[in-house]
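protein_21.txt (compact mmCIF, C-alpha atoms)
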# COMPACT_ATOMS: atom_id res chain seq x y z
CA MET A 1 53.74 -16.47 6.06
CA ARG A 2 53.03 -13.16 4.34
CA SER A 3 53.97 -14.66 0.97
CA LEU A 4 51.54 -17.55 1.49
CA THR A 5 48.75 -15.13 2.40
CA THR A 6 49.44 -13.06 -0.70
CA LEU A 7 49.44 -16.17 -2.91
CA MET A 8 46.12 -17.36 -1.46
CA ALA A 9 44.57 -13.93 -2.00
CA PHE A 10 45.72 -13.95 -5.64
CA VAL A 11 44.30 -17.44 -6.24
CA LEU A 12 41.00 -16.37 -4.69
CA TYR A 13 40.91 -13.33 -6.96
CA LEU A 14 41.44 -15.51 -10.03
CA LEU A 15 38.55 -17.76 -8.99
CA LEU A 16 36.06 -15.01 -8.17
CA ARG A 17 36.90 -12.26 -10.66
CA PRO A 18 34.25 -11.38 -13.27
CA PRO A 19 34.77 -12.79 -16.78
CA ALA A 20 37.52 -10.91 -18.58
CA PHE A 21 37.33 -9.62 -22.15
CA ALA A 22 39.47 -12.53 -23.35
CA GLU A 23 36.73 -14.93 -22.20
CA VAL A 24 34.08 -13.04 -24.20
CA LYS A 25 35.90 -12.35 -27.46
CA HIS A 26 32.73 -11.91 -29.51
CA PRO A 27 29.89 -10.98 -27.09
CA GLY A 28 27.16 -11.51 -29.67
CA ASP A 29 28.36 -14.85 -31.01
CA ASP A 30 27.81 -16.87 -27.85
CA LEU A 31 24.42 -15.25 -27.29
CA LYS A 32 23.34 -16.55 -30.69
CA ARG A 33 23.82 -20.09 -29.37
CA ALA A 34 21.20 -19.75 -26.64
CA LYS A 35 18.65 -22.57 -26.44
CA SER A 36 16.02 -20.46 -24.65
CA LEU A 37 15.39 -16.88 -23.56
CA LYS A 38 13.85 -15.40 -20.44
CA ILE A 39 12.47 -11.90 -20.96
CA GLY A 40 11.88 -9.64 -17.97
CA TYR A 41 9.81 -6.46 -17.93
CA THR A 42 8.00 -4.25 -15.44
CA VAL A 43 4.30 -3.44 -15.02
CA LYS A 44 3.33 -0.98 -12.27
CA GLY A 45 6.52 -1.76 -10.35
CA GLU A 46 5.96 -5.52 -10.58
CA ARG A 47 8.59 -7.67 -12.26
CA ARG A 48 7.14 -10.09 -14.79
CA THR A 49 8.83 -12.70 -16.97
CA LEU A 50 8.10 -14.84 -19.98
CA THR A 51 10.16 -17.70 -21.37
CA VAL A 52 10.78 -18.28 -25.06
CA GLY A 53 11.60 -21.97 -25.34
CA ASP A 54 10.34 -23.08 -28.74
CA PRO A 55 13.44 -23.51 -30.99
CA ARG A 56 11.84 -21.71 -33.95
CA ALA A 57 10.72 -18.81 -31.76
CA VAL A 58 14.19 -18.57 -30.18
CA LYS A 59 15.80 -18.56 -33.62
CA ASP A 60 13.39 -15.84 -34.76
CA VAL A 61 14.34 -13.58 -31.83
CA LEU A 62 18.07 -14.22 -32.08
CA ALA A 63 18.01 -13.41 -35.81
CA THR A 64 17.27 -9.79 -34.84
CA LEU A 65 20.34 -9.58 -32.56
CA LYS A 66 23.05 -7.82 -34.57
CA VAL A 67 26.09 -6.59 -32.61
CA GLU A 68 27.88 -3.49 -33.85
CA GLY A 69 30.48 -3.23 -31.09
CA ALA A 70 31.31 -3.93 -27.47
CA ARG A 71 33.22 -2.34 -24.63
CA GLU A 72 34.40 -4.09 -21.49
CA GLY A 73 33.60 -2.51 -18.15
CA VAL A 74 30.91 -3.14 -15.54
CA HIS A 75 28.03 -0.65 -15.60
CA ALA A 76 26.69 -0.44 -12.05
CA GLY A 77 23.54 1.29 -10.82
CA LEU A 78 21.32 0.76 -13.84
CA LEU A 79 17.61 0.25 -13.13
CA ALA A 80 16.71 -3.04 -14.81
CA PHE A 81 13.20 -2.54 -16.18
CA GLY A 82 13.89 -4.74 -19.23
CA THR A 83 16.11 -7.82 -19.15
CA VAL A 84 16.92 -10.80 -21.37
CA ASP A 85 18.58 -13.93 -19.95
CA PHE A 86 20.23 -16.18 -22.54
CA VAL A 87 20.11 -19.81 -21.39
CA MET A 88 22.82 -21.91 -23.04
CA GLU A 89 22.93 -25.62 -23.94
CA ASP A 90 25.09 -26.40 -20.91
CA GLY A 91 22.60 -24.70 -18.58
CA SER A 92 24.70 -21.59 -18.00
CA VAL A 93 22.95 -18.23 -18.17
CA VAL A 94 24.14 -14.92 -19.61
CA GLU A 95 22.21 -12.06 -18.04
CA THR A 96 21.69 -8.86 -20.02
CA MET A 97 19.59 -5.75 -19.59
CA PHE A 98 18.54 -2.96 -21.90
CA VAL A 99 20.21 0.40 -21.35
CA ARG A 100 18.50 1.84 -24.43
CA PRO A 101 16.91 0.27 -27.55
CA GLY A 102 20.30 -0.16 -29.24
CA GLN A 103 22.39 -1.09 -26.21
CA LEU A 104 22.61 -4.00 -23.77
CA ASP A 105 24.54 -4.29 -20.53
CA ARG A 106 26.05 -7.76 -20.19
CA SER A 107 26.25 -8.72 -16.53
CA HIS A 108 29.81 -8.76 -15.09
CA TRP A 109 31.26 -7.81 -18.45
CA GLY A 110 30.25 -4.54 -20.05
CA GLU A 111 28.43 -2.87 -22.90
CA ILE A 112 27.09 -4.42 -26.11
CA ARG A 113 26.13 -1.95 -28.84
CA LEU A 114 23.57 -3.19 -31.37
CA ALA A 115 23.49 -2.32 -35.05
CA ASP A 116 19.79 -1.43 -34.86
CA THR A 117 16.76 -1.67 -32.56
CA LYS A 118 15.24 -4.81 -34.10
CA PHE A 119 16.13 -7.03 -31.13
CA TYR A 120 14.58 -4.52 -28.73
CA ASP A 121 11.48 -4.21 -30.94
CA ARG A 122 11.02 -7.99 -31.06
CA VAL A 123 11.40 -8.33 -27.29
CA CYS A 124 8.80 -5.59 -26.78
CA GLU A 125 6.45 -7.35 -29.21
CA LEU A 126 6.69 -10.62 -27.27
CA ALA A 127 6.05 -8.88 -23.94
CA SER A 128 3.11 -7.02 -25.50
CA GLU A 129 1.61 -10.26 -26.80
CA GLU A 130 1.97 -11.78 -23.32
CA GLU A 131 0.23 -8.85 -21.61
CA GLY A 132 -2.37 -8.12 -24.29
CA LYS A 133 -1.30 -4.46 -24.39
CA ASN A 134 1.62 -2.35 -25.59
CA ILE A 135 4.73 -2.97 -23.46
CA ASP A 136 7.98 -1.03 -23.57
CA VAL A 137 10.58 -3.09 -21.70
CA LEU A 138 12.56 0.06 -20.95
CA LYS A 139 9.71 1.53 -18.91
CA ASN A 140 7.63 0.85 -15.83
CA ASN A 141 4.46 0.13 -17.78
CA LYS A 142 0.93 0.94 -16.66
CA PRO A 143 -1.40 -2.00 -16.00
CA LEU A 144 -4.02 -2.98 -18.56
CA SER A 145 -6.95 -0.57 -18.53
CA VAL A 146 -9.57 -3.12 -17.57
CA ALA A 147 -12.37 -0.58 -17.35
CA LYS A 148 -12.80 -0.31 -21.11
CA ASP A 149 -15.38 -3.08 -20.79
CA PRO A 150 -16.22 -3.39 -17.08
CA GLU A 151 -19.37 -5.45 -17.66
CA LYS A 152 -17.33 -8.11 -19.45
CA GLU A 153 -14.64 -8.05 -16.75
CA VAL A 154 -16.95 -8.53 -13.77
CA ALA A 155 -18.78 -11.34 -15.58
CA LYS A 156 -15.69 -13.42 -14.67
CA THR A 157 -16.15 -12.75 -10.94
CA ARG A 158 -15.46 -15.70 -8.62
CA THR A 159 -16.16 -13.97 -5.30
CA LEU A 160 -17.41 -10.55 -4.21
CA LYS A 161 -16.56 -8.58 -1.09
CA ILE A 162 -18.70 -5.62 -0.08
CA GLY A 163 -17.29 -2.97 2.24
CA TYR A 164 -19.27 -0.37 4.20
CA THR A 165 -18.93 1.81 7.31
CA VAL A 166 -20.87 1.72 10.58
CA ARG A 167 -19.98 4.27 13.29
CA GLY A 168 -16.54 4.78 11.79
CA GLN A 169 -15.79 1.07 11.67
CA THR A 170 -15.22 -0.58 8.30
CA LYS A 171 -17.13 -3.81 7.87
CA HIS A 172 -17.37 -6.23 5.00
CA LEU A 173 -19.27 -9.26 3.80
CA THR A 174 -18.30 -11.84 1.20
CA ILE A 175 -20.60 -13.15 -1.53
CA GLU A 176 -19.56 -16.53 -2.94
CA GLY A 177 -22.64 -18.26 -4.34
CA PRO A 178 -22.71 -18.21 -8.16
CA LYS A 179 -26.40 -17.22 -8.28
CA ALA A 180 -25.94 -14.39 -5.77
CA ILE A 181 -22.85 -13.13 -7.64
CA GLN A 182 -24.66 -13.28 -10.99
CA ASP A 183 -27.63 -11.40 -9.55
CA LEU A 184 -25.36 -8.62 -8.35
CA VAL A 185 -23.02 -8.23 -11.32
CA SER A 186 -25.91 -8.35 -13.79
CA ALA A 187 -27.10 -5.09 -12.21
CA ILE A 188 -24.00 -3.31 -13.53
CA LYS A 189 -25.15 -1.46 -16.65
CA VAL A 190 -22.44 0.86 -17.93
CA GLU A 191 -23.28 4.19 -19.49
CA GLY A 192 -19.71 5.39 -19.94
CA THR A 193 -16.12 5.27 -18.70
CA GLN A 194 -13.39 7.84 -18.28
CA GLU A 195 -9.74 7.03 -17.73
CA GLY A 196 -7.87 8.96 -15.06
CA MET A 197 -7.00 8.25 -11.43
CA HIS A 198 -9.40 9.59 -8.81
CA LEU A 199 -7.49 10.11 -5.59
CA GLY A 200 -8.70 11.31 -2.23
CA LEU A 201 -12.10 9.60 -2.21
CA LEU A 202 -13.31 8.67 1.26
CA ALA A 203 -14.14 5.01 0.83
CA PHE A 204 -17.29 4.49 2.90
CA GLY A 205 -18.63 1.92 0.42
CA TRP A 206 -16.78 -0.33 -1.99
CA VAL A 207 -17.04 -3.61 -3.88
CA GLU A 208 -14.08 -5.91 -4.51
CA PHE A 209 -14.37 -8.28 -7.47
CA THR A 210 -12.06 -11.30 -7.37
CA LEU A 211 -11.89 -12.70 -10.90
CA GLU A 212 -11.37 -16.27 -12.08
CA ASP A 213 -7.67 -15.64 -12.77
CA GLY A 214 -7.14 -14.39 -9.20
CA SER A 215 -6.86 -10.71 -10.12
CA VAL A 216 -8.84 -8.19 -8.09
CA ILE A 217 -10.78 -5.09 -9.13
CA LYS A 218 -11.75 -2.73 -6.32
CA ALA A 219 -14.54 -0.26 -7.09
CA LEU A 220 -15.49 2.62 -4.77
CA PHE A 221 -18.88 4.34 -4.83
CA SER A 222 -18.63 8.10 -5.30
CA LYS A 223 -22.39 8.31 -5.87
CA PRO A 224 -25.16 5.75 -6.58
CA THR A 225 -24.46 5.73 -10.32
CA ARG A 226 -20.71 6.26 -10.30
CA LEU A 227 -17.78 4.03 -9.33
CA SER A 228 -14.09 4.85 -8.99
CA TRP A 229 -12.65 1.79 -10.75
CA GLY A 230 -9.41 0.83 -9.03
CA SER A 231 -6.53 3.03 -10.18
CA TRP A 232 -8.02 3.30 -13.67
CA GLY A 233 -10.70 5.95 -13.55
CA THR A 234 -14.47 6.37 -13.50
CA VAL A 235 -17.33 4.07 -14.48
CA ASP A 236 -20.74 5.70 -14.84
CA LEU A 237 -23.80 3.47 -14.54
CA LYS A 238 -27.12 3.90 -16.33
CA GLU A 239 -29.09 3.43 -13.15
CA ALA A 240 -28.66 2.93 -9.40
CA THR A 241 -29.75 -0.75 -9.37
CA PHE A 242 -26.26 -2.06 -8.51
CA TYR A 243 -25.94 0.46 -5.67
CA ASP A 244 -29.40 -0.45 -4.35
CA LYS A 245 -28.59 -4.17 -4.32
CA VAL A 246 -25.29 -3.58 -2.51
CA CYS A 247 -27.10 -1.49 0.12
CA GLU A 248 -29.74 -4.24 0.50
CA LEU A 249 -27.09 -6.89 1.16
CA ALA A 250 -25.27 -4.69 3.69
CA SER A 251 -28.60 -3.88 5.39
CA LYS A 252 -29.49 -7.56 5.61
CA GLU A 253 -26.09 -8.32 7.13
CA GLU A 254 -26.49 -5.59 9.79
CA GLY A 255 -30.19 -6.09 10.46
CA ARG A 256 -30.81 -2.41 9.85
CA LYS A 257 -30.81 0.03 6.95
CA VAL A 258 -27.32 0.70 5.62
CA ASP A 259 -26.34 3.24 2.97
CA VAL A 260 -22.87 2.31 1.69
CA LEU A 261 -22.23 5.93 0.75
CA LYS A 262 -22.59 7.10 4.33
CA LYS A 263 -20.97 6.67 7.72
CA ASN A 264 -23.94 4.82 9.14

Entire entry expressed as structure tokens:
Amino acid sequence: MRSLTTLMAFVLYLLLRPPAFAEVKHPGDDLKRAKSLKIGYTVKGERRTLTVGDPRAVKDVLATLKVEGAREGVHAGLLAFGTVDFVMEDGSVVETMFVRPGQLDRSHWGEIRLADTKFYDRVCELASEEEGKNIDVLKNNKPLSVAKDPEKEVAKTRTLKIGYTVRGQTKHLTIEGPKAIQDLVSAIKVEGTQEGMHLGLLAFGWVEFTLEDGSVIKALFSKPTRLSWGSWGTVDLKEATFYDKVCELASKEEGRKVDVLKKN
């Protein structure tokens, strides 16, 4: 009985064990046969992916993959900011992740050392093109600094939500009509911007812009002509017209005068 149990355990091990070195004789050669690639990277803690499926584009990326050496052995505990999945003709997938610009970790196998950083550079370029900003797949990248042109950004607003405080209670109202939205956002006249997070503001009054692509920009009033723009920094306005209009809408909603900068 014990012999049978031992035999079954051995068979199970053979079925479930990770691929051995003999099954991956030339770790770079099979990767070169991939029909598509799935690139993973991180922006502000969020995992994002893009797929390279066009044969010419795949060939272009794979041409930069030059293997210098390899070493078998699973590398556990690595934080996978940047990954590349190689999808083969038969549908199987080889998962890899960057350890450094010249090194990949091949899932369930070990280390692949590259001859140079061209593969890494090309992967970063593709991720950067996708995001419209510089992306390093080995890092937790910062989000796009949308406040460089806030007037242009809010012109794409689909809905607006205004927040204010009455007797310590936070209230809000939603603006959805295109004309009403246009009237409000057209009052935003930017004098200048300054990057840098502004923490600790007591948010009595704020405006949340939901854009056409579904993204959201939340702006907090720190004074009538200044907004704390999400996690980006400060937007200074030329005049207090936007603030005045927001106060008017909140006042109309409450049936009394409301100052969004105060605890009314």

Nearest candidate to Ala127 in chain A (options A:Val93, A:Val43, A:Ala115, A:Leu249; using all atoms listed in the file): A:Val43

Surrounding residues of range 228-245 of chain A excluding itself and chain neighbours under 4 positions, 6 Å, only C-alpha atoms, as a list of chain:residue names: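 The neighbour list is A:Ala187, A:Ile188, A:Lys189, A:Val190, A:Glu191, A:Gly192, A:Thr193, A:Gln194, A:Glu195, A:Gly196, A:Met197, A:Lys218, A:Ala219, A:Leu220, A:Pro224.
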
Residues within 12 Å of (-26.6, -14.9, -16.9), counting all atoms listed in the file, listed as a PyMOL selection string: chain A and resi 151-152+154-156+178-187

Selection near range 81-92 of chain A, 8 Å with all atoms listed in the file, sequence-local residues under 4 positions removed, as a VMD selection string: chain A and resid 31 33 to 42 47 96 to 98 137 to 140

For CA of Gly73 in chain A and CA of Val61 in chain A, the interatomic separation in Å (one decimal):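 Interatomic distance here is 26.1 Å.
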
Interatomic distance (Å, one decimal) between CA of Glu95 in chain A and CA of Asn141 in chain A: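 Interatomic distance here is 21.5 Å.
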
Interatomic distance (Å, one decimal) between CA of Trp109 in chain A and CA of Leu65 in chain A: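 It comes out at 17.9 Å.
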
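Candidate residues A:Val258, A:Val99, A:Val58, A:Ile112 were compared for distance to Asp29 in chain A, and the nearest is A:Ile112, using all atoms listed in the file.
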
Nearby residues, (22.2, -6.0, -31.9) file frame, 12 Å, all atoms listed in the file, as a ChimeraX atom specification: /A:27-29,31-32,61-70,98,100-105,111-123
